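Novice: Got a structure for you, model-v1.pdb, holding PDB, C-alpha atoms.
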MODEL        1
ATOM      1  CA  MET A   1       0.000   0.000   0.000
ATOM      2  CA  CYS A   2       1.430   3.250  -0.983
ATOM      3  CA  SER A   3       0.225   6.663  -0.187
ATOM      4  CA  SER A   4       1.100   9.914  -1.806
ATOM      5  CA  ASN A   5       0.553  13.353  -0.530
ATOM      6  CA  TYR A   6      -0.972  15.303  -3.388
ATOM      7  CA  SER A   7      -1.474  18.985  -3.119
ATOM      8  CA  GLN A   8      -3.040  21.073  -5.813
ATOM      9  CA  PRO A   9      -0.439  23.326  -7.363
ATOM     10  CA  SER A  10      -0.907  26.973  -6.629
ATOM     11  CA  VAL A  11      -1.535  29.282  -9.526
ATOM     12  CA  SER A  12       0.043  32.680  -9.392
ATOM     13  CA  LEU A  13      -1.071  35.628 -11.447
ATOM     14  CA  GLN A  14       2.309  37.230 -10.963
ATOM     15  CA  LYS A  15       4.320  37.761 -14.119
ATOM     16  CA  PRO A  16       7.745  36.107 -14.370
ATOM     17  CA  ASN A  17       9.398  39.520 -14.188
ATOM     18  CA  GLY A  18       7.679  40.310 -10.910
ATOM     19  CA  GLN A  19       5.248  42.786 -12.438
ATOM     20  CA  PRO A  20       1.537  42.643 -11.560
ATOM     21  CA  PRO A  21      -0.746  40.831 -14.020
ATOM     22  CA  ASN A  22      -2.597  42.569 -16.815
ATOM     23  CA  LEU A  23      -6.113  42.711 -15.451
ATOM     24  CA  PRO A  24      -9.099  43.447 -17.690
ATOM     25  CA  PRO A  25      -9.789  47.192 -17.938
ATOM     26  CA  THR A  26     -12.672  48.580 -15.919
ATOM     27  CA  ASP A  27     -14.665  51.787 -15.969
ATOM     28  CA  GLU A  28     -14.878  54.321 -13.141
ATOM     29  CA  TYR A  29     -17.531  52.184 -11.433
ATOM     30  CA  GLY A  30     -15.440  49.015 -11.477
ATOM     31  CA  GLY A  31     -17.394  47.339 -14.280
ATOM     32  CA  LEU A  32     -15.541  45.367 -16.916
ATOM     33  CA  LEU A  33     -15.121  47.198 -20.186
ATOM     34  CA  PRO A  34     -15.916  45.465 -23.501
ATOM     35  CA  GLN A  35     -12.856  43.612 -24.699
ATOM     36  CA  LEU A  36     -11.126  44.255 -27.999
ATOM     37  CA  LEU A  37     -10.541  41.325 -30.316
ATOM     38  CA  VAL A  38      -6.957  40.288 -30.869
ATOM     39  CA  GLU A  39      -7.621  40.063 -34.598
ATOM     40  CA  PRO A  40     -10.513  41.389 -36.686
ATOM     41  CA  ARG A  41     -13.115  38.850 -37.703
ATOM     42  CA  MET A  42     -15.391  38.595 -40.695
ATOM     43  CA  CYS A  43     -19.110  38.645 -39.962
ATOM     44  CA  GLN A  44     -22.078  37.734 -42.084
ATOM     45  CA  ALA A  45     -24.048  40.587 -43.590
ATOM     46  CA  GLY A  46     -27.153  39.482 -41.707
ATOM     47  CA  TRP A  47     -25.448  40.179 -38.411
ATOM     48  CA  GLY A  48     -25.775  43.889 -39.121
ATOM     49  CA  ILE A  49     -29.554  43.576 -38.982
ATOM     50  CA  SER A  50     -29.339  41.744 -35.664
ATOM     51  CA  TRP A  51     -27.144  44.509 -34.245
ATOM     52  CA  ILE A  52     -29.745  47.090 -35.247
ATOM     53  CA  THR A  53     -32.593  45.090 -33.720
ATOM     54  CA  LYS A  54     -30.621  44.556 -30.511
ATOM     55  CA  ALA A  55     -29.858  48.264 -30.347
ATOM     56  CA  PHE A  56     -33.545  49.049 -30.782
ATOM     57  CA  ALA A  57     -34.361  46.589 -27.993
ATOM     58  CA  ILE A  58     -31.921  48.420 -25.719
ATOM     59  CA  PHE A  59     -33.562  51.720 -26.609
ATOM     60  CA  LYS A  60     -37.068  50.331 -26.081
ATOM     61  CA  ASP A  61     -36.139  48.914 -22.683
ATOM     62  CA  GLN A  62     -35.370  52.417 -21.365
ATOM     63  CA  PHE A  63     -37.436  54.425 -23.820
ATOM     64  CA  LEU A  64     -38.332  57.350 -21.561
ATOM     65  CA  LEU A  65     -34.834  57.739 -20.171
ATOM     66  CA  TRP A  66     -33.249  57.642 -23.623
ATOM     67  CA  LEU A  67     -35.842  60.135 -24.818
ATOM     68  CA  ALA A  68     -34.979  62.449 -21.932
ATOM     69  CA  ILE A  69     -31.264  62.131 -22.670
ATOM     70  CA  GLY A  70     -31.862  62.911 -26.338
ATOM     71  CA  VAL A  71     -34.106  65.911 -25.642
ATOM     72  CA  VAL A  72     -31.688  67.393 -23.112
ATOM     73  CA  TYR A  73     -28.784  66.944 -25.504
ATOM     74  CA  LEU A  74     -30.723  68.649 -28.310
ATOM     75  CA  ILE A  75     -31.560  71.560 -26.009
ATOM     76  CA  ILE A  76     -27.911  71.870 -24.979
ATOM     77  CA  ALA A  77     -26.859  71.702 -28.639
ATOM     78  CA  MET A  78     -29.332  74.414 -29.669
ATOM     79  CA  ILE A  79     -28.237  76.702 -26.848
ATOM     80  CA  GLY A  80     -24.579  75.964 -27.476
ATOM     81  CA  SER A  81     -24.972  76.714 -31.181
ATOM     82  CA  SER A  82     -26.848  79.998 -30.775
ATOM     83  CA  VAL A  83     -25.168  81.779 -27.853
ATOM     84  CA  PRO A  84     -22.143  83.873 -28.870
ATOM     85  CA  VAL A  85     -18.751  82.610 -27.673
ATOM     86  CA  ILE A  86     -20.360  79.357 -26.530
ATOM     87  CA  ASN A  87     -21.166  78.527 -30.148
ATOM     88  CA  PHE A  88     -17.419  78.461 -30.784
ATOM     89  CA  ILE A  89     -16.644  76.238 -27.792
ATOM     90  CA  PHE A  90     -19.560  73.798 -28.026
ATOM     91  CA  PRO A  91     -18.424  71.907 -31.163
ATOM     92  CA  PHE A  92     -15.237  70.932 -29.332
ATOM     93  CA  LEU A  93     -17.399  69.287 -26.654
ATOM     94  CA  SER A  94     -19.672  67.401 -29.041
ATOM     95  CA  PHE A  95     -17.570  64.232 -28.954
ATOM     96  CA  VAL A  96     -17.613  64.360 -25.143
ATOM     97  CA  PHE A  97     -21.405  64.129 -25.117
ATOM     98  CA  VAL A  98     -21.233  61.346 -27.702
ATOM     99  CA  GLY A  99     -18.754  59.510 -25.493
ATOM    100  CA  GLY A 100     -21.138  59.700 -22.554
ATOM    101  CA  ILE A 101     -23.986  58.318 -24.647
ATOM    102  CA  ILE A 102     -21.737  55.475 -25.812
ATOM    103  CA  LYS A 103     -20.895  54.652 -22.204
ATOM    104  CA  GLY A 104     -24.583  54.532 -21.366
ATOM    105  CA  CYS A 105     -25.258  52.179 -24.275
ATOM    106  CA  ALA A 106     -22.392  49.908 -23.257
ATOM    107  CA  ASP A 107     -23.516  49.756 -19.637
ATOM    108  CA  GLN A 108     -27.088  48.927 -20.546
ATOM    109  CA  ALA A 109     -25.952  46.319 -23.082
ATOM    110  CA  VAL A 110     -24.144  44.330 -20.372
ATOM    111  CA  GLY A 111     -27.044  44.560 -17.942
ATOM    112  CA  ASN A 112     -26.008  47.565 -15.886
ATOM    113  CA  GLU A 113     -28.296  50.447 -15.071
ATOM    114  CA  LEU A 114     -28.652  53.307 -17.515
ATOM    115  CA  ARG A 115     -28.492  56.639 -15.725
ATOM    116  CA  PHE A 116     -29.282  60.133 -16.917
ATOM    117  CA  ASP A 117     -25.826  61.339 -15.882
ATOM    118  CA  HIS A 118     -24.300  59.034 -18.484
ATOM    119  CA  LEU A 119     -24.799  61.972 -20.843
ATOM    120  CA  PHE A 120     -22.176  63.930 -18.891
ATOM    121  CA  SER A 121     -20.038  61.034 -17.649
ATOM    122  CA  ALA A 122     -17.300  61.429 -20.271
ATOM    123  CA  PHE A 123     -16.602  64.944 -18.977
ATOM    124  CA  TYR A 124     -15.200  63.346 -15.822
ATOM    125  CA  THR A 125     -13.301  60.502 -17.442
ATOM    126  CA  HIS A 126     -12.282  61.297 -21.040
ATOM    127  CA  LEU A 127     -12.657  65.045 -21.553
ATOM    128  CA  LYS A 128      -9.131  65.730 -22.794
ATOM    129  CA  PRO A 129      -8.765  62.882 -25.329
ATOM    130  CA  LEU A 130     -12.220  63.483 -26.811
ATOM    131  CA  VAL A 131     -11.577  67.210 -27.247
ATOM    132  CA  ILE A 132      -8.217  66.443 -28.864
ATOM    133  CA  LEU A 133      -9.974  63.908 -31.090
ATOM    134  CA  PHE A 134     -12.374  66.584 -32.318
ATOM    135  CA  VAL A 135      -9.467  68.943 -33.011
ATOM    136  CA  LEU A 136      -7.741  66.245 -35.082
ATOM    137  CA  TYR A 137     -10.992  65.551 -36.907
ATOM    138  CA  LEU A 138     -11.475  69.257 -37.631
ATOM    139  CA  VAL A 139      -7.928  69.589 -38.963
ATOM    140  CA  ALA A 140      -8.402  66.517 -41.174
ATOM    141  CA  VAL A 141     -11.635  67.938 -42.611
ATOM    142  CA  ILE A 142      -9.975  71.284 -43.330
ATOM    143  CA  VAL A 143      -7.058  69.566 -45.052
ATOM    144  CA  ALA A 144      -9.493  67.496 -47.118
ATOM    145  CA  MET A 145     -11.340  70.655 -48.182
ATOM    146  CA  ILE A 146      -8.222  72.483 -49.409
ATOM    147  CA  PRO A 147      -8.118  70.742 -52.828
ATOM    148  CA  MET A 148     -11.781  71.589 -53.372
ATOM    149  CA  LEU A 149     -11.151  75.254 -52.549
ATOM    150  CA  ILE A 150      -8.262  75.312 -55.007
ATOM    151  CA  ILE A 151     -10.380  73.708 -57.721
ATOM    152  CA  PHE A 152     -13.287  76.070 -57.037
ATOM    153  CA  GLY A 153     -10.884  78.982 -57.287
ATOM    154  CA  GLY A 154      -9.789  77.759 -60.696
ATOM    155  CA  MET A 155     -13.428  77.245 -61.635
ATOM    156  CA  ALA A 156     -14.211  80.867 -60.764
ATOM    157  CA  LEU A 157     -11.381  82.017 -63.022
ATOM    158  CA  SER A 158     -12.689  79.780 -65.810
ATOM    159  CA  LEU A 159     -16.170  81.254 -65.472
ATOM    160  CA  ALA A 160     -14.711  84.743 -65.576
ATOM    161  CA  GLN A 161     -13.019  83.820 -68.843
ATOM    162  CA  GLY A 162     -16.201  82.265 -70.231
ATOM    163  CA  SER A 163     -15.075  78.611 -70.065
ATOM    164  CA  SER A 164     -18.213  77.000 -68.682
ATOM    165  CA  ASN A 165     -17.248  73.444 -69.687
ATOM    166  CA  VAL A 166     -14.004  73.652 -67.734
ATOM    167  CA  ALA A 167     -15.931  74.939 -64.719
ATOM    168  CA  VAL A 168     -18.354  72.001 -64.805
ATOM    169  CA  ILE A 169     -15.530  69.472 -65.102
ATOM    170  CA  GLY A 170     -13.683  71.196 -62.268
ATOM    171  CA  THR A 171     -16.748  71.028 -60.042
ATOM    172  CA  VAL A 172     -17.183  67.306 -60.636
ATOM    173  CA  ILE A 173     -13.505  66.601 -60.009
ATOM    174  CA  GLY A 174     -13.533  68.749 -56.868
ATOM    175  CA  VAL A 175     -16.550  66.976 -55.378
ATOM    176  CA  LEU A 176     -15.110  63.534 -56.141
ATOM    177  CA  LEU A 177     -11.739  64.473 -54.697
ATOM    178  CA  VAL A 178     -13.254  65.786 -51.475
ATOM    179  CA  PHE A 179     -15.339  62.625 -51.164
ATOM    180  CA  LEU A 180     -12.253  60.444 -51.604
ATOM    181  CA  LEU A 181     -10.383  62.444 -48.968
ATOM    182  CA  LEU A 182     -13.248  62.697 -46.473
ATOM    183  CA  PHE A 183     -14.261  59.047 -46.692
ATOM    184  CA  PRO A 184     -11.169  57.692 -44.865
ATOM    185  CA  VAL A 185     -11.481  60.519 -42.327
ATOM    186  CA  LEU A 186     -15.055  59.481 -41.553
ATOM    187  CA  MET A 187     -13.991  55.837 -41.364
ATOM    188  CA  ALA A 188     -11.236  56.726 -38.905
ATOM    189  CA  ILE A 189     -13.516  58.817 -36.693
ATOM    190  CA  TRP A 190     -16.510  56.457 -36.660
ATOM    191  CA  PHE A 191     -15.341  54.160 -33.851
ATOM    192  CA  ALA A 192     -12.788  56.512 -32.302
ATOM    193  CA  PRO A 193     -14.993  57.861 -29.457
ATOM    194  CA  ALA A 194     -16.033  54.321 -28.505
ATOM    195  CA  LEU A 195     -12.421  53.118 -28.492
ATOM    196  CA  ILE A 196     -11.493  55.990 -26.190
ATOM    197  CA  VAL A 197     -14.318  55.737 -23.647
ATOM    198  CA  LEU A 198     -14.724  51.949 -23.636
ATOM    199  CA  HIS A 199     -11.123  50.805 -24.052
ATOM    200  CA  ASN A 200      -9.079  53.809 -22.933
ATOM    201  CA  ILE A 201      -7.173  53.799 -26.211
ATOM    202  CA  GLU A 202      -4.613  56.593 -26.261
ATOM    203  CA  LEU A 203      -4.542  59.005 -29.183
ATOM    204  CA  PHE A 204      -0.766  59.187 -29.144
ATOM    205  CA  ARG A 205       1.205  56.156 -28.062
ATOM    206  CA  GLN A 206       4.481  56.994 -26.381
TER     207      GLN A 206
ENDMDL
END
What's the structure tokens form of this structure?
Specialist:
Amino acid sequence: MCSSNYSQPSVSLQKPNGQPPNLPPTDEYGGLLPQLLVEPRMCQAGWGISWITKAFAIFKDQFLLWLAIGVVYLIIAMIGSSVPVINFIFPFLSFVFVGGIIKGCADQAVGNELRFDHLFSAFYTHLKPLVILFVLYLVAVIVAMIPMLIIFGGMALSLAQGSSNVAVIGTVIGVLLVFLLLFPVLMAIWFAPALIVLHNIELFRQ
């Protein structure tokens, strides 16, 4: 008869270099943030419809609260766009409000409570990166518009000289060029607020 003393090996989360483990990121309330995929994955086209229906279900579940958030944001936007001085500052804060709405959507999607102050929550957590993001977006749009301004300037000269055909061709080329330049800018900005508020992605990696 033989007996062996078996003890379950202990599992340590400590890294070999003595550094603490990489724990999943959490928001300011301690909730787990949605995790990024290591690699992008291909989805079926029908999944897009399911995402829309799920989003509508989230909205319907808290219809009155979402309606209140939307109405208050529209009121703030109208005031911010019409009051002098504030109408210059407000656009720089637009992504901050969007970030708060995204945080509310993410919390409700994982079963947490949607709160009215989600609308303003990004002001406390991601104000600086979202304002910088808007500045970068504004600069990119201005840069994309420069070729169109140059072409329109040439078109005005052509009209002054009576060359209407050249002006029409210039207009078409200018619109197409701006579209080609703005399209990647819009693609880059589409998920940027969500990546910042949900995953704490830095705009500039050191």
Novice: If the PyMOL selection byres ((chain A and resi 77-94) around 10) were run on this exact file, what residues would it hold? Put them as a PDB file with C-alpha atoms, in the coordinates of the input.
Specialist:
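The resulting file, expr-v6.pdb, is reproduced below:
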ATOM      1  CA  VAL A  71     -34.106  65.911 -25.642  1.00  0.00           C
ATOM      2  CA  VAL A  72     -31.688  67.393 -23.112  1.00  0.00           C
ATOM      3  CA  TYR A  73     -28.784  66.944 -25.504  1.00  0.00           C
ATOM      4  CA  LEU A  74     -30.723  68.649 -28.310  1.00  0.00           C
ATOM      5  CA  ILE A  75     -31.560  71.560 -26.009  1.00  0.00           C
ATOM      6  CA  ILE A  76     -27.911  71.870 -24.979  1.00  0.00           C
ATOM      7  CA  PHE A  95     -17.570  64.232 -28.954  1.00  0.00           C
ATOM      8  CA  VAL A  96     -17.613  64.360 -25.143  1.00  0.00           C
ATOM      9  CA  PHE A  97     -21.405  64.129 -25.117  1.00  0.00           C
ATOM     10  CA  VAL A  98     -21.233  61.346 -27.702  1.00  0.00           C
ATOM     11  CA  GLY A  99     -18.754  59.510 -25.493  1.00  0.00           C
ATOM     12  CA  PHE A 123     -16.602  64.944 -18.977  1.00  0.00           C
ATOM     13  CA  LEU A 127     -12.657  65.045 -21.553  1.00  0.00           C
ATOM     14  CA  LYS A 128      -9.131  65.730 -22.794  1.00  0.00           C
ATOM     15  CA  LEU A 130     -12.220  63.483 -26.811  1.00  0.00           C
ATOM     16  CA  VAL A 131     -11.577  67.210 -27.247  1.00  0.00           C
ATOM     17  CA  ILE A 132      -8.217  66.443 -28.864  1.00  0.00           C
ATOM     18  CA  LEU A 133      -9.974  63.908 -31.090  1.00  0.00           C
ATOM     19  CA  PHE A 134     -12.374  66.584 -32.318  1.00  0.00           C
ATOM     20  CA  VAL A 135      -9.467  68.943 -33.011  1.00  0.00           C
ATOM     21  CA  LEU A 138     -11.475  69.257 -37.631  1.00  0.00           C
TER      22      LEU A 138
END
Novice: At what distance in Å, to one decimal, does atom CA of A:Ile101 lie from atom CA of A:Ala194?
Specialist: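 Distance between the two atoms: 9.7 Å.
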Novice: I would like the residues chosen by the PyMOL selection byres ((chain A and resi 151) around 10) on the shown file; could you give them as a VMD selection string?
Specialist: chain A and resid 146 to 150 152 to 157 167 169 to 175 177
Novice: Go through A:Glu202, A:Arg115, A:Leu136, A:Ile142 and flag the residue nearest A:Ala188, using only C-alpha atoms for the distances.
Specialist: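 Of A:Glu202, A:Arg115, A:Leu136, A:Ile142, the one nearest A:Ala188, counting only C-alpha atoms, is A:Leu136.
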Novice: As a check of understanding, name the residues that the PyMOL selection byres ((chain A and resi 104) around 8) selects in the supplied structure, as a short mmCIF file (atom, residue, chain, number, x, y, z; two decimals) with C-alpha atoms, in the coordinates of the input.
Specialist:
data_model
loop_
_atom_site.label_atom_id
_atom_site.label_comp_id
_atom_site.auth_asym_id
_atom_site.auth_seq_id
_atom_site.Cartn_x
_atom_site.Cartn_y
_atom_site.Cartn_z
CA GLY A 100 -21.14 59.70 -22.55
CA ILE A 101 -23.99 58.32 -24.65
CA ILE A 102 -21.74 55.48 -25.81
CA LYS A 103 -20.90 54.65 -22.20
CA CYS A 105 -25.26 52.18 -24.28
CA ALA A 106 -22.39 49.91 -23.26
CA ASP A 107 -23.52 49.76 -19.64
CA GLN A 108 -27.09 48.93 -20.55
CA LEU A 114 -28.65 53.31 -17.52
CA ARG A 115 -28.49 56.64 -15.72
CA HIS A 118 -24.30 59.03 -18.48
CA LEU A 119 -24.80 61.97 -20.84
#
Novice: To one decimal place, how far is atom CA of A:Leu67 from atom CA of A:Asn112 in Å?
Specialist: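 Atom CA of A:Leu67 sits 18.3 Å away from atom CA of A:Asn112.
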Novice: Given all atoms listed in the file as the basis, pick out the residue of A:Ile69, A:Leu198, A:Val110, A:Val185 nearest to A:Val141.
Specialist: A:Val185
Novice: With only C-alpha atoms as the basis for distance, which of A:Ile189, A:Val178, A:Ala109, A:Val139 is at the shortest distance from A:Gln62?
Specialist: A:Ala109
Novice: So how many Å separate atom CA of A:Pro193 and atom CA of A:Ala122, to one decimal?
Specialist: 10.1 Å
